[in-house]
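Pasted below: input_12.cif, mmCIF, C-alpha atoms and all ligand atoms.
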```
data_input
loop_
_atom_site.label_atom_id
_atom_site.label_comp_id
_atom_site.auth_asym_id
_atom_site.auth_seq_id
_atom_site.Cartn_x
_atom_site.Cartn_y
_atom_site.Cartn_z
CA MET A 3 -80.83 176.48 135.72
CA SER A 4 -83.95 178.29 134.58
CA THR A 5 -85.44 176.98 131.35
CA ALA A 6 -88.79 178.82 131.22
CA VAL A 7 -87.89 180.98 128.20
CA VAL A 8 -87.17 178.08 125.89
CA GLU A 9 -89.39 175.39 127.33
CA THR A 10 -93.13 175.06 127.71
CA GLU A 11 -94.75 174.80 131.13
CA GLU A 12 -95.31 171.10 130.45
CA HIS A 13 -91.61 170.62 129.78
CA THR A 14 -90.65 172.43 132.96
CA ALA A 15 -93.13 170.31 134.93
CA LEU A 16 -91.73 167.13 133.35
CA ARG A 17 -88.21 168.27 134.22
CA SER A 18 -89.04 168.76 137.90
CA ALA A 19 -91.01 165.51 138.13
CA VAL A 20 -88.11 163.51 136.63
CA ALA A 21 -85.61 165.38 138.81
CA ALA A 22 -87.64 164.32 141.86
CA LEU A 23 -87.56 160.69 140.72
CA GLY A 24 -83.81 160.93 140.05
CA LYS A 25 -83.23 162.38 143.51
CA ARG A 26 -84.88 159.35 145.11
CA TYR A 27 -82.38 157.05 143.36
CA GLY A 28 -79.28 159.18 142.80
CA ARG A 29 -75.64 158.27 142.33
CA ASP A 30 -75.51 155.83 145.25
CA TYR A 31 -78.18 153.67 143.65
CA MET A 32 -76.23 153.53 140.38
CA THR A 33 -72.87 152.76 142.01
CA THR A 34 -74.46 149.99 144.11
CA VAL A 35 -76.09 148.47 141.04
CA VAL A 36 -72.76 148.51 139.17
CA ARG A 37 -70.79 147.13 142.13
CA GLU A 38 -73.23 144.24 142.50
CA GLY A 39 -73.17 143.51 138.76
CA ARG A 40 -76.86 144.28 138.41
CA HIS A 41 -78.87 146.56 136.14
CA PRO A 42 -80.94 149.60 137.16
CA ASP A 43 -84.16 147.59 136.68
CA THR A 44 -86.07 149.23 139.52
CA LEU A 45 -85.41 152.73 138.25
CA TRP A 46 -86.10 151.61 134.66
CA ALA A 47 -89.45 150.10 135.72
CA GLU A 48 -90.48 153.10 137.79
CA ALA A 49 -89.52 155.60 135.10
CA ALA A 50 -91.47 153.49 132.60
CA LYS A 51 -94.52 153.28 134.85
CA LEU A 52 -94.55 157.05 135.18
CA GLY A 53 -94.60 157.27 131.38
CA TYR A 54 -91.11 158.74 131.06
CA LEU A 55 -89.45 156.06 128.92
CA GLY A 56 -92.13 156.07 126.25
CA VAL A 57 -92.85 159.79 126.38
CA ASN A 58 -91.81 160.16 122.70
CA LEU A 59 -93.77 157.18 121.38
CA PRO A 60 -97.26 157.37 119.82
CA GLU A 61 -100.20 157.38 122.20
CA GLU A 62 -102.01 154.65 120.30
CA TYR A 63 -99.19 152.28 121.26
CA GLY A 64 -99.11 153.32 124.91
CA GLY A 65 -96.58 156.13 124.57
CA GLY A 66 -96.87 159.73 125.68
CA GLY A 67 -97.32 161.19 122.22
CA GLY A 68 -94.45 163.64 122.71
CA GLY A 69 -91.10 163.81 120.98
CA ILE A 70 -87.36 163.79 121.45
CA ALA A 71 -87.66 167.13 123.28
CA GLU A 72 -89.48 165.36 126.11
CA LEU A 73 -87.35 162.21 126.04
CA SER A 74 -84.13 164.23 126.23
CA ILE A 75 -85.47 166.10 129.26
CA VAL A 76 -86.00 162.75 131.01
CA LEU A 77 -82.47 161.51 130.29
CA GLU A 78 -80.84 164.83 131.17
CA GLU A 79 -82.59 165.05 134.53
CA LEU A 80 -81.82 161.45 135.49
CA GLY A 81 -78.20 162.13 134.55
CA ALA A 82 -78.12 165.34 136.57
CA ALA A 83 -79.29 163.27 139.53
CA GLY A 84 -76.39 160.84 138.97
CA CYS A 85 -78.45 157.94 137.60
CA PRO A 86 -78.65 158.17 133.79
CA LEU A 87 -80.28 155.31 131.88
CA LEU A 88 -78.03 154.75 128.85
CA MET A 89 -80.45 152.33 127.22
CA MET A 90 -82.85 155.24 126.71
CA VAL A 91 -80.51 156.45 123.97
CA VAL A 92 -81.07 153.30 121.96
CA SER A 93 -84.33 151.66 123.02
CA PRO A 94 -87.03 154.36 122.88
CA ALA A 95 -84.97 157.00 121.04
CA ILE A 96 -83.48 155.12 118.08
CA CYS A 97 -85.40 151.85 117.89
CA GLY A 98 -88.75 153.25 119.07
CA THR A 99 -88.51 156.17 116.66
CA VAL A 100 -87.53 154.06 113.65
CA ILE A 101 -90.27 151.49 114.27
CA ALA A 102 -92.89 154.16 114.95
CA ARG A 103 -92.00 156.04 111.76
CA PHE A 104 -91.22 153.22 109.37
CA GLY A 105 -92.20 149.88 110.90
CA THR A 106 -95.02 147.73 109.59
CA ASP A 107 -98.25 147.55 111.60
CA THR A 108 -97.17 144.13 112.89
CA GLN A 109 -93.78 145.49 114.04
CA LYS A 110 -95.42 148.48 115.70
CA ALA A 111 -97.90 146.25 117.55
CA ALA A 112 -95.16 143.80 118.56
CA TRP A 113 -92.62 146.32 119.86
CA LEU A 114 -93.98 149.79 120.60
CA PRO A 115 -96.20 149.00 123.61
CA GLY A 116 -93.33 147.14 125.27
CA LEU A 117 -90.74 149.81 124.46
CA ALA A 118 -93.17 152.40 125.83
CA ASP A 119 -93.93 150.61 129.11
CA GLY A 120 -90.31 149.51 129.55
CA SER A 121 -91.12 145.78 129.48
CA LEU A 122 -89.17 145.41 126.21
CA THR A 123 -85.75 146.83 125.44
CA MET A 124 -83.97 147.03 122.11
CA ALA A 125 -80.27 147.58 121.42
CA PHE A 126 -78.89 149.16 118.27
CA GLY A 127 -75.92 147.86 116.26
CA ILE A 128 -74.24 149.77 113.47
CA THR A 129 -70.50 149.91 114.39
CA GLU A 130 -68.27 147.27 112.82
CA PRO A 131 -64.63 146.36 113.48
CA ASP A 132 -63.49 147.54 110.03
CA ALA A 133 -65.99 150.35 109.66
CA GLY A 134 -66.02 152.49 112.80
CA SER A 135 -66.50 156.12 111.86
CA ASN A 136 -66.97 155.12 108.24
CA SER A 137 -70.40 153.53 108.31
CA HIS A 138 -70.51 153.52 104.50
CA ARG A 139 -68.10 150.64 104.80
CA ILE A 140 -70.24 148.24 106.80
CA THR A 141 -70.34 144.74 105.39
CA THR A 142 -73.01 142.97 107.43
CA THR A 143 -75.09 141.59 104.60
CA ALA A 144 -78.55 140.12 104.26
CA ARG A 145 -79.50 137.82 101.43
CA ARG A 146 -82.81 136.24 100.59
CA ASP A 147 -83.40 132.55 101.18
CA GLY A 148 -86.95 131.85 100.11
CA ASP A 149 -89.11 134.15 102.24
CA ASP A 150 -86.42 134.42 104.91
CA TRP A 151 -83.33 136.56 105.27
CA LEU A 152 -79.87 135.26 106.11
CA LEU A 153 -77.82 137.90 107.91
CA THR A 154 -74.03 137.61 108.21
CA GLY A 155 -71.47 140.01 109.67
CA ARG A 156 -69.73 141.39 112.74
CA LYS A 157 -70.46 144.29 115.04
CA VAL A 158 -68.48 145.84 117.87
CA PHE A 159 -69.12 148.03 120.94
CA ILE A 160 -72.86 147.35 120.87
CA SER A 161 -74.38 148.38 124.21
CA GLY A 162 -76.83 146.34 126.25
CA VAL A 163 -77.22 143.34 123.93
CA ASP A 164 -77.40 141.04 126.96
CA ILE A 165 -80.40 142.79 128.47
CA ALA A 166 -82.12 143.80 125.25
CA ASP A 167 -84.87 141.55 123.93
CA ALA A 168 -83.62 142.26 120.42
CA THR A 169 -81.01 144.29 118.58
CA LEU A 170 -81.83 146.54 115.66
CA VAL A 171 -78.98 145.61 113.34
CA VAL A 172 -77.89 147.81 110.47
CA GLY A 173 -77.01 145.63 107.50
CA ARG A 174 -77.10 145.84 103.75
CA THR A 175 -79.09 144.17 101.03
CA GLU A 176 -78.19 143.97 97.39
CA ASP A 177 -80.16 146.21 95.07
CA ALA A 178 -81.82 143.88 92.54
CA ARG A 179 -81.23 146.30 89.65
CA THR A 180 -77.83 147.85 90.29
CA GLY A 181 -76.23 145.16 92.47
CA ARG A 182 -75.14 147.94 94.89
CA LEU A 183 -75.44 147.38 98.59
CA LYS A 184 -77.96 149.56 100.39
CA PRO A 185 -78.49 149.92 104.15
CA CYS A 186 -81.35 148.03 105.79
CA LEU A 187 -82.47 147.53 109.36
CA PHE A 188 -83.29 144.15 110.89
CA ILE A 189 -84.81 143.23 114.22
CA VAL A 190 -82.74 140.35 115.61
CA PRO A 191 -84.15 138.74 118.79
CA ARG A 192 -81.52 138.01 121.44
CA ASP A 193 -81.67 134.23 121.30
CA THR A 194 -81.80 133.78 117.52
CA PRO A 195 -79.54 130.85 116.51
CA GLY A 196 -76.24 132.06 115.00
CA PHE A 197 -76.42 135.43 116.81
CA ARG A 198 -73.47 135.33 119.23
CA ARG A 199 -72.12 137.97 121.59
CA ALA A 200 -68.94 138.40 123.63
CA GLN A 201 -68.60 141.08 126.27
CA ILE A 202 -65.81 143.63 125.75
CA ASP A 203 -63.80 144.45 128.84
CA MET A 204 -64.27 148.22 129.09
CA GLU A 205 -62.75 150.64 131.63
CA LEU A 206 -66.22 151.96 132.36
CA GLN A 207 -68.20 151.73 135.58
CA ALA A 208 -71.65 151.46 134.07
CA PRO A 209 -74.37 148.83 134.27
CA GLU A 210 -74.68 148.71 130.48
CA LYS A 211 -71.99 146.55 128.90
CA GLN A 212 -70.58 146.62 125.36
CA PHE A 213 -70.47 143.53 123.12
CA GLU A 214 -68.83 142.20 120.04
CA LEU A 215 -71.41 140.44 117.89
CA VAL A 216 -71.02 137.68 115.36
CA LEU A 217 -73.89 137.00 112.99
CA ASP A 218 -73.38 133.79 111.15
CA ASP A 219 -76.11 133.12 108.58
CA VAL A 220 -78.70 134.26 111.10
CA ARG A 221 -82.05 133.16 109.71
CA LEU A 222 -84.71 135.82 110.10
CA PRO A 223 -88.29 135.84 108.90
CA SER A 224 -89.32 138.26 106.18
CA GLU A 225 -90.94 140.57 108.74
CA ALA A 226 -87.61 141.10 110.56
CA LEU A 227 -86.79 143.76 107.97
CA VAL A 228 -87.95 147.11 109.31
CA GLY A 229 -90.18 149.01 106.97
CA ASP A 230 -89.18 149.31 103.38
CA GLU A 231 -86.08 147.80 101.78
CA ASP A 232 -85.68 150.91 99.61
CA ALA A 233 -85.96 153.49 102.36
CA GLY A 234 -82.96 152.24 104.34
CA LEU A 235 -80.89 155.41 104.52
CA LEU A 236 -83.85 157.62 105.34
CA GLN A 237 -84.91 155.22 108.10
CA LEU A 238 -81.40 155.08 109.46
CA PHE A 239 -81.10 158.85 109.77
CA ALA A 240 -84.51 159.01 111.37
CA GLY A 241 -82.92 157.07 114.23
CA LEU A 242 -79.46 158.62 114.26
CA ASN A 243 -80.59 162.20 114.85
CA PRO A 244 -82.54 161.31 118.02
CA GLU A 245 -79.49 159.30 119.14
CA ARG A 246 -77.31 162.41 118.85
CA VAL A 247 -79.81 164.57 120.74
CA MET A 248 -80.02 161.90 123.45
CA THR A 249 -76.24 161.64 123.71
CA ALA A 250 -76.20 165.41 124.20
CA ALA A 251 -78.78 164.98 126.98
CA PHE A 252 -76.65 162.26 128.55
CA ALA A 253 -73.59 164.54 128.47
CA VAL A 254 -75.36 167.67 129.74
CA GLY A 255 -76.87 165.63 132.60
CA MET A 256 -73.52 164.15 133.59
CA GLY A 257 -71.80 167.53 133.36
CA ARG A 258 -74.44 169.12 135.58
CA TYR A 259 -74.10 166.33 138.11
CA ALA A 260 -70.31 166.82 138.26
CA VAL A 261 -70.50 170.62 138.55
CA ASN A 262 -73.10 170.40 141.31
CA ARG A 263 -70.95 167.99 143.35
CA ALA A 264 -67.95 170.28 142.89
CA VAL A 265 -69.90 173.39 143.88
CA GLU A 266 -71.19 171.71 147.06
CA TYR A 267 -67.66 170.71 147.96
CA ALA A 268 -66.15 174.10 147.11
CA LYS A 269 -68.62 175.85 149.41
CA GLU A 270 -67.52 173.74 152.39
CA ARG A 271 -63.88 172.86 152.00
CA THR A 272 -61.71 175.46 153.74
CA VAL A 273 -57.91 175.33 153.83
CA TRP A 274 -57.19 179.08 154.20
CA LYS A 275 -59.57 181.73 155.50
CA THR A 276 -62.42 181.09 153.06
CA PRO A 277 -63.96 178.04 151.38
CA VAL A 278 -61.92 177.04 148.29
CA GLY A 279 -64.85 178.14 146.09
CA ALA A 280 -64.03 181.76 146.95
CA HIS A 281 -60.76 181.48 145.03
CA GLN A 282 -61.43 182.55 141.47
CA ALA A 283 -59.06 179.92 140.16
CA VAL A 284 -61.58 177.39 141.49
CA ALA A 285 -64.79 179.36 140.89
CA HIS A 286 -64.23 180.61 137.33
CA PRO A 287 -63.66 177.25 135.66
CA LEU A 288 -66.83 175.99 137.37
CA ALA A 289 -68.72 179.05 136.15
CA GLN A 290 -67.33 178.42 132.66
CA ALA A 291 -68.41 174.78 132.80
CA HIS A 292 -71.90 175.87 133.87
CA ILE A 293 -72.12 178.34 130.96
CA GLU A 294 -70.90 175.81 128.42
CA LEU A 295 -73.39 173.20 129.62
CA GLU A 296 -76.21 175.76 129.33
CA LEU A 297 -75.14 176.63 125.79
CA ALA A 298 -74.94 172.97 124.81
CA ARG A 299 -78.40 172.39 126.20
CA LEU A 300 -79.80 175.28 124.15
CA MET A 301 -78.44 173.64 121.00
CA MET A 302 -79.88 170.33 122.13
CA GLN A 303 -83.30 171.95 122.56
CA LYS A 304 -83.04 173.45 119.08
CA ALA A 305 -82.12 170.09 117.57
CA ALA A 306 -84.95 168.32 119.37
CA ARG A 307 -87.44 170.96 118.27
CA LEU A 308 -86.36 170.74 114.62
CA TYR A 309 -86.56 166.97 114.72
CA ASP A 310 -89.98 166.93 116.38
CA ASP A 311 -91.22 169.47 113.83
CA GLY A 312 -90.25 167.07 111.03
CA ASP A 313 -87.23 168.97 109.70
CA ASP A 314 -84.86 166.00 109.37
CA LEU A 315 -82.23 167.98 107.46
CA GLY A 316 -82.12 170.93 109.84
CA ALA A 317 -82.20 168.54 112.79
CA GLY A 318 -79.19 166.68 111.38
CA GLU A 319 -76.94 169.71 111.53
CA ALA A 320 -78.25 170.88 114.90
CA ALA A 321 -78.09 167.40 116.47
CA ASN A 322 -74.45 167.04 115.42
CA MET A 323 -73.60 170.45 116.84
CA ALA A 324 -75.49 169.73 120.06
CA LYS A 325 -73.73 166.39 120.53
CA TYR A 326 -70.35 168.05 119.92
CA ALA A 327 -71.01 170.96 122.27
CA ALA A 328 -72.46 168.77 125.02
CA ALA A 329 -69.65 166.23 124.92
CA GLU A 330 -66.96 168.91 125.05
CA ALA A 331 -68.75 170.76 127.85
CA CYS A 332 -69.19 167.49 129.77
CA VAL A 333 -65.54 166.42 129.46
CA LYS A 334 -64.39 169.85 130.69
CA ALA A 335 -66.97 169.98 133.49
CA VAL A 336 -66.01 166.56 134.81
CA ASP A 337 -62.31 167.37 134.64
CA GLN A 338 -62.83 170.60 136.58
CA ALA A 339 -65.11 168.92 139.11
CA VAL A 340 -62.53 166.23 139.85
CA HIS A 341 -59.84 168.90 140.23
CA THR A 342 -62.01 170.98 142.57
CA LEU A 343 -62.12 168.11 145.05
CA GLY A 344 -58.33 167.86 145.21
CA GLY A 345 -57.29 164.38 146.34
CA ASN A 346 -60.90 163.52 147.11
CA GLY A 347 -61.65 163.90 143.40
CA LEU A 348 -59.79 160.67 142.86
CA THR A 349 -61.31 158.66 145.71
CA ARG A 350 -63.96 156.07 145.15
CA GLU A 351 -65.97 157.57 148.04
CA TYR A 352 -66.65 160.82 146.17
CA GLY A 353 -67.43 158.93 142.96
CA LEU A 354 -66.28 161.57 140.47
CA ALA A 355 -63.12 159.98 139.07
CA SER A 356 -65.04 157.25 137.22
CA LEU A 357 -66.85 159.99 135.32
CA ILE A 358 -63.57 160.91 133.61
CA THR A 359 -63.88 157.81 131.45
CA ALA A 360 -67.66 157.98 131.22
CA ALA A 361 -67.59 161.59 129.98
CA ARG A 362 -65.30 160.62 127.12
CA VAL A 363 -67.86 158.16 125.77
CA ALA A 364 -69.91 161.14 124.61
CA ARG A 365 -66.86 162.48 122.77
CA ILE A 366 -66.35 159.31 120.72
CA ALA A 367 -69.86 157.78 120.41
CA PRO A 368 -72.14 157.52 118.54
CA VAL A 369 -70.14 159.76 116.23
CA SER A 370 -66.76 161.18 117.16
CA ARG A 371 -65.84 164.79 117.72
CA GLU A 372 -63.74 164.75 114.53
CA MET A 373 -66.51 163.33 112.38
CA ILE A 374 -68.81 166.13 113.55
CA LEU A 375 -66.14 168.70 112.75
CA ASN A 376 -65.85 167.05 109.33
CA PHE A 377 -69.62 167.24 108.88
CA VAL A 378 -69.73 170.92 109.79
CA SER A 379 -66.68 171.68 107.62
CA HIS A 380 -68.26 170.04 104.59
CA GLN A 381 -72.00 170.49 105.05
CA SER A 382 -72.23 173.81 106.88
CA LEU A 383 -69.14 175.59 105.56
CA GLY A 384 -68.82 173.94 102.15
CA LEU A 385 -65.13 173.13 102.63
CA PRO A 386 -63.60 170.33 100.53
CA LYS A 387 -63.14 166.80 101.86
CA SER A 388 -59.80 165.17 102.63
CA TYR A 389 -61.15 161.60 102.52
C1 LIG B 401 -69.20 152.96 125.57
C2 LIG B 401 -69.52 152.83 124.12
C3 LIG B 401 -70.78 152.42 123.73
C4 LIG B 401 -71.08 152.23 122.37
N1 LIG B 401 -72.33 151.76 122.05
C5 LIG B 401 -72.61 151.52 120.73
C6 LIG B 401 -73.87 150.94 120.36
O1 LIG B 401 -74.74 150.67 121.21
N2 LIG B 401 -74.09 150.68 119.04
C7 LIG B 401 -73.17 150.96 118.07
O2 LIG B 401 -73.44 150.69 116.91
N3 LIG B 401 -71.96 151.50 118.39
C8 LIG B 401 -71.65 151.77 119.70
N4 LIG B 401 -70.42 152.32 120.04
C9 LIG B 401 -69.42 152.54 118.99
C10 LIG B 401 -69.14 153.99 118.66
O3 LIG B 401 -70.23 154.55 117.96
C11 LIG B 401 -67.81 154.04 117.89
O4 LIG B 401 -66.79 153.77 118.83
C12 LIG B 401 -67.59 155.35 117.20
O5 LIG B 401 -68.48 155.50 116.12
C13 LIG B 401 -66.14 155.49 116.66
O6 LIG B 401 -65.77 154.38 115.90
P1 LIG B 401 -64.39 153.63 116.21
O7 LIG B 401 -64.35 153.32 117.67
O8 LIG B 401 -64.25 152.49 115.27
O9 LIG B 401 -63.27 154.70 115.94
P2 LIG B 401 -62.49 154.94 114.54
O10 LIG B 401 -63.47 155.15 113.45
O11 LIG B 401 -61.48 153.86 114.38
O12 LIG B 401 -61.75 156.30 114.84
C14 LIG B 401 -60.55 156.40 115.58
C15 LIG B 401 -60.15 157.87 115.72
O13 LIG B 401 -59.92 158.41 114.40
C16 LIG B 401 -60.73 159.55 114.21
N5 LIG B 401 -61.15 159.60 112.79
C17 LIG B 401 -61.69 158.60 112.05
N6 LIG B 401 -61.96 159.03 110.81
C18 LIG B 401 -61.59 160.33 110.75
C19 LIG B 401 -61.61 161.33 109.74
N7 LIG B 401 -62.10 161.10 108.52
N8 LIG B 401 -61.16 162.57 110.06
C20 LIG B 401 -60.68 162.84 111.30
N9 LIG B 401 -60.62 161.93 112.29
C21 LIG B 401 -61.06 160.69 112.02
C22 LIG B 401 -61.91 159.39 115.14
O14 LIG B 401 -62.50 160.62 115.47
C23 LIG B 401 -61.26 158.72 116.34
O15 LIG B 401 -60.69 159.68 117.19
C24 LIG B 401 -70.10 152.52 121.40
C25 LIG B 401 -68.84 152.97 121.78
C26 LIG B 401 -68.53 153.12 123.11
C27 LIG B 401 -67.15 153.57 123.50
#
```
Take the structure I supplied and represent it as structure tokens, if you would.
Ligand SMILES: Cc1cc2nc3c(=O)[nH]c(=O)nc-3n(C[C@H](O)[C@H](O)[C@H](O)COP(=O)(O)OP(=O)(O)OC[C@H]3O[C@@H](n4cnc5c(N)ncnc54)[C@H](O)[C@@H]3O)c2cc1C
Amino acid sequence: MSTAVVETEEHTALRSAVAALGKRYGRDYMTTVVREGRHPDTLWAEAAKLGYLGVNLPEEYGGGGGGIAELSIVLEELGAAGCPLLMMVVSPAICGTVIARFGTDTQKAAWLPGLADGSLTMAFGITEPDAGSNSHRITTTARRDGDDWLLTGRKVFISGVDIADATLVVGRTEDARTGRLKPCLFIVPRDTPGFRRAQIDMELQAPEKQFELVLDDVRLPSEALVGDEDAGLLQLFAGLNPERVMTAAFAVGMGRYAVNRAVEYAKERTVWKTPVGAHQAVAHPLAQAHIELELARLMMQKAARLYDDGDDLGAGEAANMAKYAAAEACVKAVDQAVHTLGGNGLTREYGLASLITAARVARIAPVSREMILNFVSHQSLGLPKSY
């Protein structure tokens, strides 16, 4: 896919450099890592060393000084090579962004250099058992105890808590004046007493696992609170928009990987006179998938650009649309790719069938297809709400 019209020369160069790294690892590396119950540490370390993981973080803390535009290129290209790094969506994109924009100097110094060079990883926890799509309903609550905070609540489906050095937990504090609960972000180190995790058994073949978390009066020092107690919502959205752009990158990358495998196969496999790819019933859906992935990527680039230019509001709408478009394009692309391979689409050897489940993650997380359609109905079209 040519990207010269919408990307700078630097972006195009970054894209090919990351693609070359991805090619050296590829799908086989990822499936081996998963089969052996390991994590893609070697790829993570190499990508970090080359400056790719911290490309969006400030230069003064060892990052590349770029933005989400650059970080999403990295994730998309690794995904297109078959070896996406899911933790990029949370560690540098959400946590790195929030700390860089709102963290105290001490938090920046403690976390950003490590997030940038890949030696530290941070997970992100907002989803709760009784407040999935409705994050206004979260009940994880922090109360003051002297200078400390005591954090209590439950989270579910939180990715990578076992490998992350800390989790950025979305909780609430009580407003001293109104008594209303307002969102706040806390850095909770992995081994903090009272912070327990249990792995959820998912039908996903990925190195990153999901966890249910129990926080039981977890004692945190004053400086665990990120930034300002009164800027909670603003800080939260500063992290959620990059997350949506990065999920779009994850989906576009996976969709491209699937279409490429299908195209290779369709050029070779011959059961009549011509390769199966000559039949339009096989070729057209692949062409459609290719077009829809390109369109989704354009929206992703727009969202990243708006975000990097500081337009949080505009980026919010575009990031939602990009995540929606990319997830839908990815689910369709994977489905068509599996079908193109006939019976081989369902074999472990060809490795496409497991993407059927993986592709659907982008449709439900971090915000579901329906919640984006709700957002666009209400915010973009001004339609009334049903809930
Ligand atoms: C692999 C994976 C990794 C994840 N990683 C993380 C993570 O690292 N951190 C984190 O915080 N969370 C994570 N999540 C959680 C994810 O963000 C949630 O699953 C998602 O927000 C949906 O919440 P829910 O599962 O509770 O679904 P629910 O909110 O229960 O929704 C169920 C269904 O109802 C629909 N629905 C709900 N409300 C409405 C409405 N008003 N109108 C129309 N339809 C509606 C939804 O679209 C969905 O189809 C992860 C999830 C998965 C699957």
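Atom pair atom CA of A:Gln237 / atom CA of A:Ile75: separated by 23.8 Å.
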For this session: Using all atoms listed in the file, determine which residues fall within 7 Å of ligand LIG 401 (chain B), then list them as a list in words.
Result: Val92, Ala125, Phe126, Gly127, Ile128, Thr129, Pro131, Ala133, Gly134, Ser135, Asn136, Val158, Phe159, Ile160, Ser161, Gly162, Gln212, Val363, Ile366, Ala367, Pro368, Val369, Ser370, Arg371, Glu372, Met373, Asn376 and Tyr389 of chain A
Seminar exercise, completed: One residue among A:Met248, A:Val228, A:Cys332, A:Leu308 is nearest to A:Asp107 when using only C-alpha atoms, and that residue is A:Val228
For this session: May I ask which of the residues A:Asp311, A:Asn262, A:Leu16, A:Tyr267 is the closest one to A:Ala291, counting all atoms listed in the file?
Result: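 Closest residue, counting all atoms listed in the file: A:Asn262.
Of note, atom CA of A:Met89 and atom CA of A:Glu245 are spaced 10.7 Å apart.
Each of A:Lys211, A:Arg258, A:His281, A:Arg362 was compared to A:Leu295 using all atoms listed in the file, and A:Arg258 turns out to be the nearest.
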Exercise. How many Å lie between atom CA of A:Glu11 and atom CA of A:Asp119, rounded to one decimal?
Worked result: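 These two atoms are separated by 24.3 Å.
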Exercise. Quick one: of A:Arg365, A:His341, A:Arg199, A:Lys157, who's nearest to A:Asn322, counting all atoms listed in the file?
Worked result: A:Arg365
Problem set entry | Contact residues around A:Ala364 with only C-alpha atoms at 9 Å, ignoring same-chain residues under 6 positions, as a PyMOL selection string | chain A and resi 249-250+252-253+325-326+328-330+332-333+370-371
To test the calculation: enclose all listed atoms of stretch 133-148 of chain A in a box whose edges run along x, y and z, add 3 Å on each side, then state centre and edge lengths in Å to one decimal, as lines of an AutoDock Vina configuration file.
```
center_x = -76.5
center_y = 144.0
center_z = 106.5
size_x = 27.0
size_y = 30.3
size_z = 18.7
```
Exercise. When distances are computed from only C-alpha atoms, which of A:Lys51, A:Lys275, A:Arg192, A:Arg221 shows the smallest separation from A:Asp164?
Worked result: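 Nearest candidate to A:Asp164 out of A:Lys51, A:Lys275, A:Arg192, A:Arg221: A:Arg192.
All residues of protein, DNA or RNA that reach within 9 Å of A:Gly84, judged by all atoms listed in the file and not counting those fewer than 6 positions away in the chain, are Gly24, Lys25, Tyr27, Gly28, Arg29, Asp30, Tyr31, Met32, Gly255, Met256, Tyr259 and Ala260 of chain A.
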